[in-house]
$ cat my_file_26.txt   # compact mmCIF, C-alpha atoms
# COMPACT_ATOMS: atom_id res chain seq x y z
CA MET A 242 12.08 5.69 22.67
CA ASN A 243 12.89 4.26 26.08
CA GLU A 244 10.20 1.57 26.37
CA PRO A 245 10.39 -1.60 24.30
CA LEU A 246 7.81 -1.44 21.50
CA ASP A 247 5.20 -4.12 20.83
CA ARG A 248 4.71 -5.60 17.35
CA GLU A 249 1.84 -3.28 16.38
CA ALA A 250 3.89 -0.21 17.34
CA LEU A 251 6.80 -1.54 15.28
CA LEU A 252 4.47 -2.09 12.31
CA ASP A 253 3.39 1.57 12.62
CA LEU A 254 7.08 2.47 12.33
CA VAL A 255 7.39 0.25 9.25
CA ALA A 256 4.58 2.26 7.62
CA ALA A 257 6.32 5.50 8.60
CA TYR A 258 9.52 4.23 7.03
CA ALA A 259 7.71 3.14 3.85
CA LEU A 260 6.30 6.65 3.48
CA GLY A 261 9.65 8.29 4.27
CA VAL A 262 8.76 10.03 7.55
CA LEU A 263 10.76 7.92 9.97
CA PRO A 264 13.57 9.87 11.67
CA ALA A 265 16.94 8.67 10.39
CA THR A 266 17.92 7.87 13.98
CA GLN A 267 15.29 5.09 14.16
CA CYS A 268 16.26 3.37 10.93
CA SER A 269 18.30 0.52 12.30
CA LEU A 270 15.48 -0.49 14.66
CA VAL A 271 13.00 -0.76 11.80
CA ALA A 272 15.48 -2.43 9.47
CA SER A 273 16.20 -5.11 12.09
CA PHE A 274 12.47 -5.68 12.60
CA ILE A 275 11.82 -5.97 8.85
CA LEU A 276 14.55 -8.57 8.57
CA ALA A 277 13.58 -10.53 11.64
CA ASP A 278 9.83 -10.68 10.88
CA ALA A 279 8.52 -12.01 7.54
CA GLY A 280 5.13 -10.33 8.10
CA ALA A 281 6.85 -6.99 8.63
CA ARG A 282 8.81 -7.41 5.41
CA ARG A 283 5.61 -8.15 3.48
CA GLU A 284 3.95 -5.11 5.08
CA TYR A 285 6.94 -2.96 4.12
CA ASP A 286 6.90 -4.14 0.51
CA GLU A 287 3.17 -3.50 0.15
CA LEU A 288 3.13 -0.10 1.86
CA ARG A 289 6.33 1.01 0.15
CA ALA A 290 4.86 0.27 -3.30
CA THR A 291 1.75 2.22 -2.30
CA ALA A 292 3.63 5.16 -0.80
CA ASP A 293 5.80 5.53 -3.91
CA LEU A 294 2.63 6.16 -5.90
CA VAL A 295 1.55 9.13 -3.75
CA GLY A 296 3.87 11.31 -5.84
CA LEU A 297 1.84 10.59 -8.96
CA SER A 298 -0.94 12.76 -7.56
CA ALA A 299 1.30 15.80 -8.06
CA GLU A 300 1.55 15.33 -11.83
CA GLU A 301 0.29 18.45 -13.54
CA PRO A 302 0.67 20.27 -16.85
CA VAL A 303 3.80 22.40 -17.17
CA ASP A 304 3.30 25.74 -18.90
CA SER A 305 4.24 25.38 -22.55
CA ALA A 306 7.07 27.96 -22.59
CA ARG A 307 8.79 26.37 -19.60
CA ALA A 308 8.27 22.84 -20.95
CA ALA A 309 9.74 23.82 -24.32
CA ARG A 310 12.72 25.56 -22.72
CA MET A 311 13.49 22.61 -20.47
CA LYS A 312 13.17 20.14 -23.32
CA GLU A 313 15.32 22.17 -25.67
CA ARG A 314 18.13 22.45 -23.12
CA LEU A 315 17.92 18.81 -22.15
CA MET A 316 17.75 17.41 -25.67
CA ALA A 317 20.65 19.60 -26.79
CA THR A 318 22.79 18.10 -24.02
CA VAL A 319 21.64 14.56 -24.77
CA ARG A 320 22.12 14.86 -28.55
CA ASN A 321 25.54 16.37 -27.99
CA ASP A 322 26.43 13.50 -25.69
CA ALA A 323 25.10 10.95 -28.16
CA SER A 324 27.30 12.32 -30.99
CA PRO A 325 30.92 12.20 -29.79
CA ARG A 326 32.34 14.10 -32.80
CA ARG A 327 30.80 17.34 -31.60
CA ALA A 328 32.03 16.96 -28.08
CA PRO A 329 35.60 18.38 -28.36
CA ALA A 330 34.51 21.71 -29.90
CA SER A 331 31.87 22.11 -27.28
CA ALA A 332 34.31 21.15 -24.57
CA THR A 333 36.77 23.78 -25.81
CA ARG A 334 34.09 26.46 -25.83
CA THR A 335 32.98 25.39 -22.38
CA SER A 336 36.57 25.45 -21.11
CA ALA A 337 37.11 28.90 -22.53
CA MET A 338 33.91 30.15 -20.91
CA TRP A 339 34.87 28.54 -17.63
CA GLY A 340 38.33 30.06 -17.87
CA THR A 341 36.88 33.55 -18.29
CA THR A 342 34.34 33.00 -15.55
CA LEU A 343 36.94 31.63 -13.15
CA ALA A 344 39.30 34.49 -13.85
CA ALA A 345 36.50 36.97 -13.17
CA ALA A 346 35.53 35.10 -10.01
CA ALA A 347 39.15 35.07 -8.83
CA ALA A 348 39.42 38.83 -9.39
CA VAL A 349 36.26 39.41 -7.38
CA VAL A 350 37.50 37.21 -4.55
CA PHE A 351 40.88 38.99 -4.54
CA ALA A 352 39.19 42.40 -4.42
CA LEU A 353 36.92 41.29 -1.60
CA VAL A 354 39.80 39.93 0.45
CA SER A 355 41.74 43.17 -0.05
CA VAL A 356 38.79 45.24 1.12
CA ILE A 357 38.40 43.11 4.21
CA GLN A 358 42.09 43.45 5.02
CA ASN A 359 41.94 47.20 4.51
CA PHE A 360 39.20 47.52 7.06
CA GLY A 361 41.13 45.51 9.59
CA LEU A 362 38.53 42.78 9.78
CA ARG A 363 40.97 39.92 9.64
CA SER A 364 40.15 38.67 13.11
CA ASP A 365 36.39 38.71 12.41
CA LEU A 366 37.00 36.83 9.22
CA HIS A 367 39.05 34.22 11.03
CA GLU A 368 36.32 33.80 13.63
CA SER A 369 33.69 33.42 10.93
CA GLN A 370 35.81 30.90 9.09
CA THR A 371 36.23 28.88 12.27
CA ARG A 372 32.48 28.93 12.84
CA VAL A 373 31.83 27.92 9.24
CA ALA A 374 34.41 25.13 9.49
CA THR A 375 32.79 23.83 12.70
CA LEU A 376 29.33 23.92 11.15
CA GLN A 377 30.64 22.26 8.01
CA THR A 378 32.21 19.49 10.07
CA ARG A 379 28.88 18.91 11.80
CA ILE A 380 26.97 18.93 8.51
CA ASP A 381 29.50 16.51 6.99
CA ALA A 382 29.21 14.17 9.98
CA ASP A 383 25.39 14.25 9.79
CA ARG A 384 25.52 13.68 6.07
CA ARG A 385 27.85 10.70 6.51
CA THR A 386 25.48 9.21 9.10
CA VAL A 387 22.49 9.67 6.82
CA GLU A 388 24.41 8.23 3.87
CA ARG A 389 25.50 5.23 5.93
CA ASP A 390 21.93 4.57 7.10
CA ARG A 391 20.62 5.00 3.57
CA ARG A 392 23.17 2.53 2.20
CA MET A 393 22.47 0.10 5.02
CA LEU A 394 18.72 0.17 4.44
CA THR A 395 19.16 -0.20 0.70
CA ASP A 396 21.30 -3.27 1.31
CA LEU A 397 18.96 -4.80 3.87
CA THR A 398 15.79 -4.41 1.83
CA ALA A 399 17.31 -5.10 -1.60
CA SER A 400 15.86 -8.01 -3.51
CA ASP A 401 19.34 -9.19 -4.50
CA ALA A 402 20.66 -9.31 -0.90
CA LYS A 403 21.55 -12.78 0.42
CA ARG A 404 19.85 -13.65 3.69
CA TYR A 405 20.91 -16.47 5.98
CA THR A 406 18.61 -17.41 8.84
CA VAL A 407 20.58 -17.96 12.04
CA ALA A 408 19.71 -18.33 15.71
CA TYR A 409 18.13 -15.04 16.88
CA GLY A 410 17.87 -13.44 13.44
CA THR A 411 19.42 -13.11 10.01
CA VAL A 412 22.84 -12.57 8.47
CA VAL A 413 22.56 -10.38 5.36
CA THR A 414 25.20 -9.88 2.69
CA ARG A 415 25.03 -7.60 -0.32
CA GLY A 416 28.05 -6.75 -2.40
CA GLU A 417 30.92 -6.20 0.01
CA HIS A 418 28.65 -5.54 3.00
CA VAL A 419 27.73 -7.92 5.82
CA TYR A 420 25.13 -7.25 8.53
CA LEU A 421 23.82 -9.14 11.54
CA ALA A 422 20.12 -8.37 12.01
CA LEU A 423 19.18 -9.95 15.30
CA GLY A 424 15.71 -9.90 16.77
CA SER A 425 15.65 -11.76 20.05
CA LEU A 426 19.08 -11.95 21.62
CA PRO A 427 19.03 -13.06 25.27
CA PRO A 428 19.97 -10.31 27.75
CA LEU A 429 23.61 -10.28 28.79
CA ALA A 430 25.02 -10.79 32.27
CA PRO A 431 26.79 -7.71 33.70
CA GLY A 432 30.29 -7.27 32.26
CA LYS A 433 29.49 -9.25 29.11
CA VAL A 434 29.06 -8.24 25.46
CA TYR A 435 28.22 -9.99 22.23
CA GLN A 436 31.15 -10.32 19.85
CA ALA A 437 31.07 -11.11 16.14
CA TRP A 438 33.77 -13.29 14.58
CA THR A 439 34.81 -13.60 10.97
CA LEU A 440 36.61 -16.36 9.09
CA ALA A 441 38.66 -15.00 6.21
CA ARG A 442 39.20 -17.00 3.02
CA GLY A 443 42.03 -19.48 3.54
CA ALA A 444 42.24 -18.75 7.30
CA LYS A 445 42.13 -21.61 9.81
CA THR A 446 40.94 -19.62 12.81
CA VAL A 447 38.35 -16.91 13.28
CA ALA A 448 39.33 -13.29 13.80
CA PRO A 449 37.66 -10.94 16.32
CA SER A 450 35.22 -8.42 14.88
CA VAL A 451 32.87 -5.88 16.51
CA THR A 452 31.39 -6.13 20.01
CA PHE A 453 27.91 -4.85 20.91
CA THR A 454 25.06 -5.03 23.39
CA PRO A 455 21.46 -5.54 22.19
CA SER A 456 19.01 -2.63 22.21
CA GLN A 457 16.17 -2.53 24.74
CA ASN A 458 13.79 -3.75 22.06
CA GLY A 459 15.96 -6.81 21.55
CA LEU A 460 16.39 -5.70 17.93
CA THR A 461 19.99 -5.13 16.95
CA LEU A 462 21.54 -4.30 13.60
CA VAL A 463 25.30 -4.76 13.42
CA PRO A 464 27.29 -3.81 10.32
CA ILE A 465 30.40 -6.00 10.11
CA PRO A 466 33.37 -3.89 9.04
CA GLU A 467 35.14 -6.69 7.15
CA SER A 468 34.44 -7.08 3.43
CA ALA A 469 32.01 -9.87 2.51
CA GLY A 470 34.13 -10.90 -0.46
CA ASN A 471 37.00 -11.87 1.85
CA LEU A 472 34.91 -13.90 4.29
CA THR A 473 33.74 -17.49 4.33
CA ALA A 474 31.86 -17.41 7.65
CA VAL A 475 30.63 -15.23 10.50
CA ALA A 476 29.89 -16.26 14.06
CA LEU A 477 28.65 -14.74 17.32
CA SER A 478 29.47 -15.46 20.95
CA VAL A 479 29.20 -13.89 24.39
CA GLU A 480 32.50 -12.47 25.64
CA PRO A 481 33.82 -10.34 28.50
CA GLN A 482 33.46 -6.54 28.16
CA GLY A 483 36.08 -5.27 25.72
CA GLY A 484 36.00 -8.45 23.65
CA SER A 485 38.34 -11.42 23.32
CA ARG A 486 41.08 -12.47 20.93
CA GLN A 487 39.53 -15.92 20.52
CA PRO A 488 36.00 -17.10 21.39
CA THR A 489 35.74 -18.13 25.05
CA THR A 490 32.13 -19.40 24.96
CA LYS A 491 30.11 -21.66 22.68
CA PRO A 492 29.00 -19.60 19.62
CA ALA A 493 25.32 -18.58 19.38
CA PHE A 494 25.68 -19.36 15.69
CA VAL A 495 28.25 -20.00 12.98
CA GLN A 496 27.09 -19.15 9.46
CA LEU A 497 28.91 -20.02 6.23
CA LEU A 498 28.60 -17.28 3.60
CA GLY A 499 28.13 -17.76 -0.11
CA VAL A 500 26.34 -21.10 0.25
CA MET B 87 3.53 6.02 -25.57
CA GLU B 88 5.58 2.98 -24.67
CA ASP B 89 5.78 1.91 -21.05
CA GLY B 90 8.53 3.73 -19.08
CA ALA B 91 10.39 0.52 -18.26
CA ARG B 92 10.60 -0.38 -21.96
CA LEU B 93 11.72 3.09 -22.91
CA MET B 94 14.47 2.83 -20.31
CA GLU B 95 15.69 -0.36 -21.99
CA ARG B 96 16.08 1.63 -25.21
CA VAL B 97 17.73 4.52 -23.36
CA ARG B 98 20.32 2.03 -22.12
CA ALA B 99 21.15 1.45 -25.80
CA ARG B 100 21.64 5.27 -26.18
CA ASP B 101 18.40 5.72 -28.14
CA VAL B 102 17.77 9.48 -28.21
CA ASP B 103 14.22 9.10 -29.56
CA ALA B 104 13.33 6.84 -26.65
CA PHE B 105 14.76 9.40 -24.25
CA GLU B 106 12.66 12.15 -25.86
CA GLN B 107 9.54 10.02 -25.47
CA LEU B 108 10.48 9.38 -21.87
CA TYR B 109 10.80 13.12 -21.26
CA ASP B 110 7.49 13.87 -23.01
CA GLY B 111 5.75 11.23 -20.95
CA TYR B 112 7.18 11.95 -17.51
CA HIS B 113 8.36 15.57 -17.25
CA ARG B 114 4.96 16.64 -15.88
CA LEU B 115 5.31 14.09 -13.09
CA VAL B 116 8.88 15.06 -12.18
CA PHE B 117 8.28 18.81 -12.38
CA GLY B 118 4.95 18.49 -10.52
CA ILE B 119 6.48 16.61 -7.58
CA ALA B 120 9.51 18.92 -7.40
CA LEU B 121 7.30 22.01 -7.52
CA ARG B 122 4.93 20.65 -4.87
CA ILE B 123 7.87 19.91 -2.55
CA ALA B 124 10.01 22.98 -3.18
CA SER B 125 7.32 25.60 -3.99
CA ASP B 126 9.98 27.11 -6.23
CA ALA B 127 9.60 26.81 -10.00
CA ALA B 128 13.27 27.55 -10.70
CA LEU B 129 14.43 24.83 -8.32
CA ALA B 130 11.82 22.42 -9.70
CA GLU B 131 13.15 23.10 -13.18
CA ASP B 132 16.73 22.43 -12.06
CA VAL B 133 15.69 19.20 -10.37
CA THR B 134 13.79 18.10 -13.49
CA GLN B 135 16.83 18.76 -15.67
CA ALA B 136 19.14 16.96 -13.25
CA ILE B 137 16.91 13.90 -12.97
CA PHE B 138 16.45 13.45 -16.72
CA LEU B 139 20.16 13.97 -17.33
CA LYS B 140 20.84 11.30 -14.71
CA LEU B 141 18.42 8.95 -16.50
CA TRP B 142 20.39 9.51 -19.67
CA SER B 143 23.87 9.23 -18.15
CA SER B 144 23.11 6.37 -15.73
CA PRO B 145 20.12 4.45 -17.10
CA ASP B 146 21.10 1.40 -15.04
CA THR B 147 19.91 3.16 -11.89
CA PHE B 148 16.45 1.91 -12.87
CA ARG B 149 16.41 -1.85 -12.95
CA GLU B 150 12.84 -3.12 -13.00
CA GLY B 151 9.34 -2.60 -11.64
CA ASN B 152 6.98 0.35 -11.83
CA PHE B 153 8.92 3.13 -13.55
CA ALA B 154 6.55 5.95 -12.58
CA ALA B 155 6.60 4.92 -8.92
CA TRP B 156 10.40 4.65 -8.96
CA LEU B 157 10.73 8.02 -10.68
CA SER B 158 8.35 9.52 -8.16
CA ARG B 159 10.53 8.34 -5.25
CA VAL B 160 13.75 9.45 -6.97
CA THR B 161 12.26 12.89 -7.59
CA ARG B 162 11.11 13.18 -4.00
CA ASN B 163 14.52 12.22 -2.61
CA ARG B 164 16.38 14.50 -5.01
CA THR B 165 14.15 17.51 -4.39
CA LEU B 166 14.29 17.08 -0.63
CA ASP B 167 18.09 16.88 -0.82
CA ALA B 168 18.10 20.15 -2.79
CA VAL B 169 15.75 21.84 -0.33
CA ARG B 170 17.63 20.54 2.71
CA SER B 171 20.97 21.67 1.39
CA ARG B 172 19.64 25.20 1.84
CA ALA B 173 18.89 24.60 5.51
CA ASN B 174 21.07 23.10 8.20
CA ARG B 175 18.76 20.71 10.05
CA PRO B 176 19.73 18.43 12.96
CA LEU B 177 19.89 14.72 12.16
CA GLU B 178 16.87 13.78 14.29
CA GLU B 179 14.71 16.06 12.13
CA ILE B 180 15.78 14.45 8.88
CA PRO B 181 13.61 11.53 7.83
CA ALA B 182 15.39 8.44 6.58
CA ASP B 183 15.34 8.35 2.81
CA VAL B 184 13.57 5.36 1.40
CA PRO B 185 15.95 3.64 -1.04
CA ALA B 186 15.08 4.51 -4.62
CA GLU B 187 15.28 0.87 -5.62
CA ALA B 188 12.00 -0.60 -6.73
CA SER B 189 10.34 -2.56 -3.97
CA THR B 190 9.66 -6.21 -4.71
CA ASP B 191 5.95 -5.43 -4.74
CA ALA B 192 6.19 -2.54 -7.22
CA THR B 193 5.08 -4.45 -10.30
CA VAL B 194 1.60 -4.96 -8.83
CA PHE B 195 0.67 -1.38 -9.71
CA ALA B 196 2.70 -1.12 -12.89
CA ARG B 197 -0.03 0.63 -14.87
CA ILE B 198 -1.48 2.97 -12.28
CA ASP B 199 -1.78 6.58 -13.45
CA ALA B 200 -2.12 9.94 -11.69
CA GLN B 201 -5.91 9.95 -11.95
CA ARG B 202 -6.24 6.61 -10.19
CA VAL B 203 -3.84 7.68 -7.46
CA ARG B 204 -5.85 10.87 -6.89
CA GLY B 205 -8.97 8.70 -6.80
CA ALA B 206 -7.42 6.40 -4.21
CA LEU B 207 -6.29 9.37 -2.09
CA SER B 208 -9.80 10.81 -2.25
CA THR B 209 -11.20 7.64 -0.66
CA LEU B 210 -9.20 8.41 2.49
CA SER B 211 -10.59 10.51 5.28
CA GLU B 212 -9.03 13.95 5.72
CA GLU B 213 -7.38 12.64 8.91
CA GLN B 214 -5.64 9.86 6.96
CA ARG B 215 -4.83 11.85 3.82
CA THR B 216 -3.21 14.86 5.50
CA PRO B 217 -0.33 13.02 7.24
CA ILE B 218 0.35 10.93 4.14
CA GLU B 219 0.53 13.94 1.83
CA LEU B 220 2.50 15.98 4.36
CA GLY B 221 4.89 13.09 4.84
CA PHE B 222 5.53 12.53 1.17
CA PHE B 223 5.69 16.12 -0.02
CA ALA B 224 7.00 18.04 2.99
CA GLY B 225 9.85 15.65 3.77
CA ILE B 226 9.31 15.90 7.50
CA THR B 227 9.31 13.23 10.19
CA HIS B 228 6.16 11.82 11.75
CA GLU B 229 7.04 13.75 14.90
CA GLU B 230 6.99 17.02 12.96
CA ILE B 231 3.71 16.03 11.32
CA ALA B 232 2.28 15.53 14.82
CA GLN B 233 3.57 18.97 15.88
CA ARG B 234 2.24 20.74 12.79
CA THR B 235 -1.21 19.17 13.00
CA GLY B 236 -1.46 19.18 16.80
CA ILE B 237 -2.35 15.50 16.78
CA PRO B 238 -0.63 12.98 19.10
CA LEU B 239 2.30 11.12 17.53
CA GLY B 240 0.76 7.69 18.17
CA THR B 241 -2.41 8.73 16.31
CA ILE B 242 -0.38 10.07 13.38
CA LYS B 243 1.55 6.80 13.11
CA THR B 244 -1.64 4.75 13.10
CA ARG B 245 -3.34 7.03 10.56
CA ILE B 246 -0.36 6.76 8.20
CA ARG B 247 -0.49 2.98 8.37
CA THR B 248 -4.26 2.62 8.05
CA GLY B 249 -4.32 5.31 5.33
CA LEU B 250 -1.67 3.58 3.23
CA ARG B 251 -3.46 0.26 3.65
CA ARG B 252 -6.77 1.82 2.60
CA MET B 253 -5.10 3.46 -0.38
CA ARG B 254 -3.63 0.13 -1.39
CA GLU B 255 -7.03 -1.53 -1.24
CA SER B 256 -8.51 1.21 -3.45
CA LEU B 257 -5.73 0.87 -5.99
CA SER B 258 -6.05 -2.92 -6.00
CA GLU B 259 -9.77 -2.59 -6.68
CA ALA B 260 -9.06 -0.10 -9.49
CA VAL B 261 -6.48 -2.44 -11.05
CA SER B 262 -8.75 -5.47 -10.92
CA ARG B 263 -11.69 -3.64 -12.55

$ encode --input "my_file_26.txt" --output "structure tokens"
Amino acid sequence: MNEPLDREALLDLVAAYALGVLPATQCSLVASFILADAGARREYDELRATADLVGLSAEEPVDSARAARMKERLMATVRNDASPRRAPASATRTSAMWGTTLAAAAAVVFALVSVIQNFGLRSDLHESQTRVATLQTRIDADRRTVERDRRMLTDLTASDAKRYTVAYGTVVTRGEHVYLALGSLPPLAPGKVYQAWTLARGAKTVAPSVTFTPSQNGLTLVPIPESAGNLTAVALSVEPQGGSRQPTTKPAFVQLLGV
Amino acid sequence: MEDGARLMERVRARDVDAFEQLYDGYHRLVFGIALRIASDAALAEDVTQAIFLKLWSSPDTFREGNFAAWLSRVTRNRTLDAVRSRANRPLEEIPADVPAEASTDATVFARIDAQRVRGALSTLSEEQRTPIELGFFAGITHEEIAQRTGIPLGTIKTRIRTGLRRMRESLSEAVSR
């Protein structure tokens, strides 16, 4: 997505997001648009409610044996959970079963490792483990990114989020999270960045927070790392590349939180 | 049967009978969605068990709105997570999950059932219905939908939007009748 998108193209992305087909990498763009444009938010709410219902078309009878088996298992767990007196005995049985199972699993693992050693495959094993560890690191990183985006979008579209209209967009707080969703920031001169500032409770001066440059679409979503509960205000100014310790230009906005 | 949202209020008070009614009323929906997504009855069964146990252990995850629609989204997200955990896919191929929170507009269709949704989907043209169903049940991005169908991405995006709008109009008409 190298070209700036017009409003209709962005509304198409809102529909894609409402259905759940928008690539995770484009989330922040759509979230910023939804926050900056009341019409887009309405469109999202309407299409989201509609898209959620698509699943209902898949409802179908479950064969009676399967349905009975599932229900029996589920209700046994729920009834057991609802009557605490029966829990300890069950827990003991479960622990004993787990103990046996774990012991058996440990024996199998030990035997396997011994066999591998006997065949002199230690180096192959190490290589495989390294590959697995690398893949796992990548999967974990991807998962963290997806989780972060999911949390961010939940916060931004939540009905209980607090939204403060500021110059160029909206400041959103929900729980401990603070976001700047900015829709029309002026382009920066070379060597300049935007910098967020936070005012902590009881503090007399603002503290430097994140720096950023707006996206090509002019839509920018900035999570503020500081906790909302500790802040009384956020502000934004233009600063030299790398950021400043104190604001050096007139703020684009200063917004009190919790008012 | 009582409305799902009301049953959930009773489940919050640890009412086992309410939970049983909830299961009787909605297991076909949960299992049906999971099976359609995973094409694996054993996995669909596991997902169904996990979702209902979660409803019992954390009933506050549902707050308000259209319970069936919320449950439908939760089931979709959960099943896709289960399916994806079996395959290592790059981030750009993973669609962003839609939060399972009820949207502010969800109460409008609070009493819509499966038959009406199928009716609304049937009012769409094949060109509109296919990307919507693929998107919801296959858990793929709009770019992958374009690749699978051989239709340009821009056209797919527009068809999803116009299709959802058309579906909404049909459902609104059905509700007002």

$ residues_near_point --input "my_file_26.txt" --point "(17.8, -5.2, -18.4)" --cutoff "12 Å" --atoms "all atoms listed in the file" --output "PyMOL selection string"
chain B and resi 91-99+145-151

$ write_last_selection --input "my_file_26.txt" --atoms "C-alpha atoms" --output "JSON list (two decimals), keeping the file's coordinate frame"
[["chain", "number", "residue", "atom", "x", "y", "z"],
["B", 91, "ALA", "CA", 10.39, 0.52, -18.26],
["B", 92, "ARG", "CA", 10.60, -0.38, -21.96],
["B", 93, "LEU", "CA", 11.72, 3.09, -22.91],
["B", 94, "MET", "CA", 14.47, 2.83, -20.31],
["B", 95, "GLU", "CA", 15.69, -0.36, -21.99],
["B", 96, "ARG", "CA", 16.08, 1.63, -25.21],
["B", 97, "VAL", "CA", 17.73, 4.52, -23.36],
["B", 98, "ARG", "CA", 20.32, 2.03, -22.12],
["B", 99, "ALA", "CA", 21.15, 1.45, -25.80],
["B", 145, "PRO", "CA", 20.12, 4.45, -17.10],
["B", 146, "ASP", "CA", 21.10, 1.40, -15.04],
["B", 147, "THR", "CA", 19.91, 3.16, -11.89],
["B", 148, "PHE", "CA", 16.45, 1.91, -12.87],
["B", 149, "ARG", "CA", 16.41, -1.85, -12.95],
["B", 150, "GLU", "CA", 12.84, -3.12, -13.00],
["B", 151, "GLY", "CA", 9.34, -2.60, -11.64]]

$ closest_residue --input "my_file_26.txt" --among "B:Leu220, B:Gln135, B:Glu106, B:Gly90" --to "Arg122 of chain B" --atoms "all atoms listed in the file"
B:Leu220

$ residues_around --input "my_file_26.txt" --residues "segment 477-482 of chain A" --least-positions-apart "6" --cutoff "8 Å" --atoms "only C-alpha atoms" --output "MDAnalysis selection string"
chainID A and resid 429 432:438 488:495

$ atom_distance --input "my_file_26.txt" --atom1 "atom CA of Ser305 of chain A" --atom2 "atom CA of Glu131 of chain B"
13.1 Å

$ closest_residue --input "my_file_26.txt" --among "B:Asp126, B:Glu213, B:Glu229, B:Glu88" --to "chain A" --atoms "only C-alpha atoms"
B:Glu229

$ atom_distance --input "my_file_26.txt" --atom1 "atom CA of Pro302 of chain A" --atom2 "atom CA of Leu207 of chain B"
19.6 Å

$ residues_near_point --input "my_file_26.txt" --point "(-8.5, 5.6, 6.6)" --cutoff "7 Å" --atoms "only C-alpha atoms" --output "PyMOL selection string"
chain B and resi 210-211+214+245+248-249+252
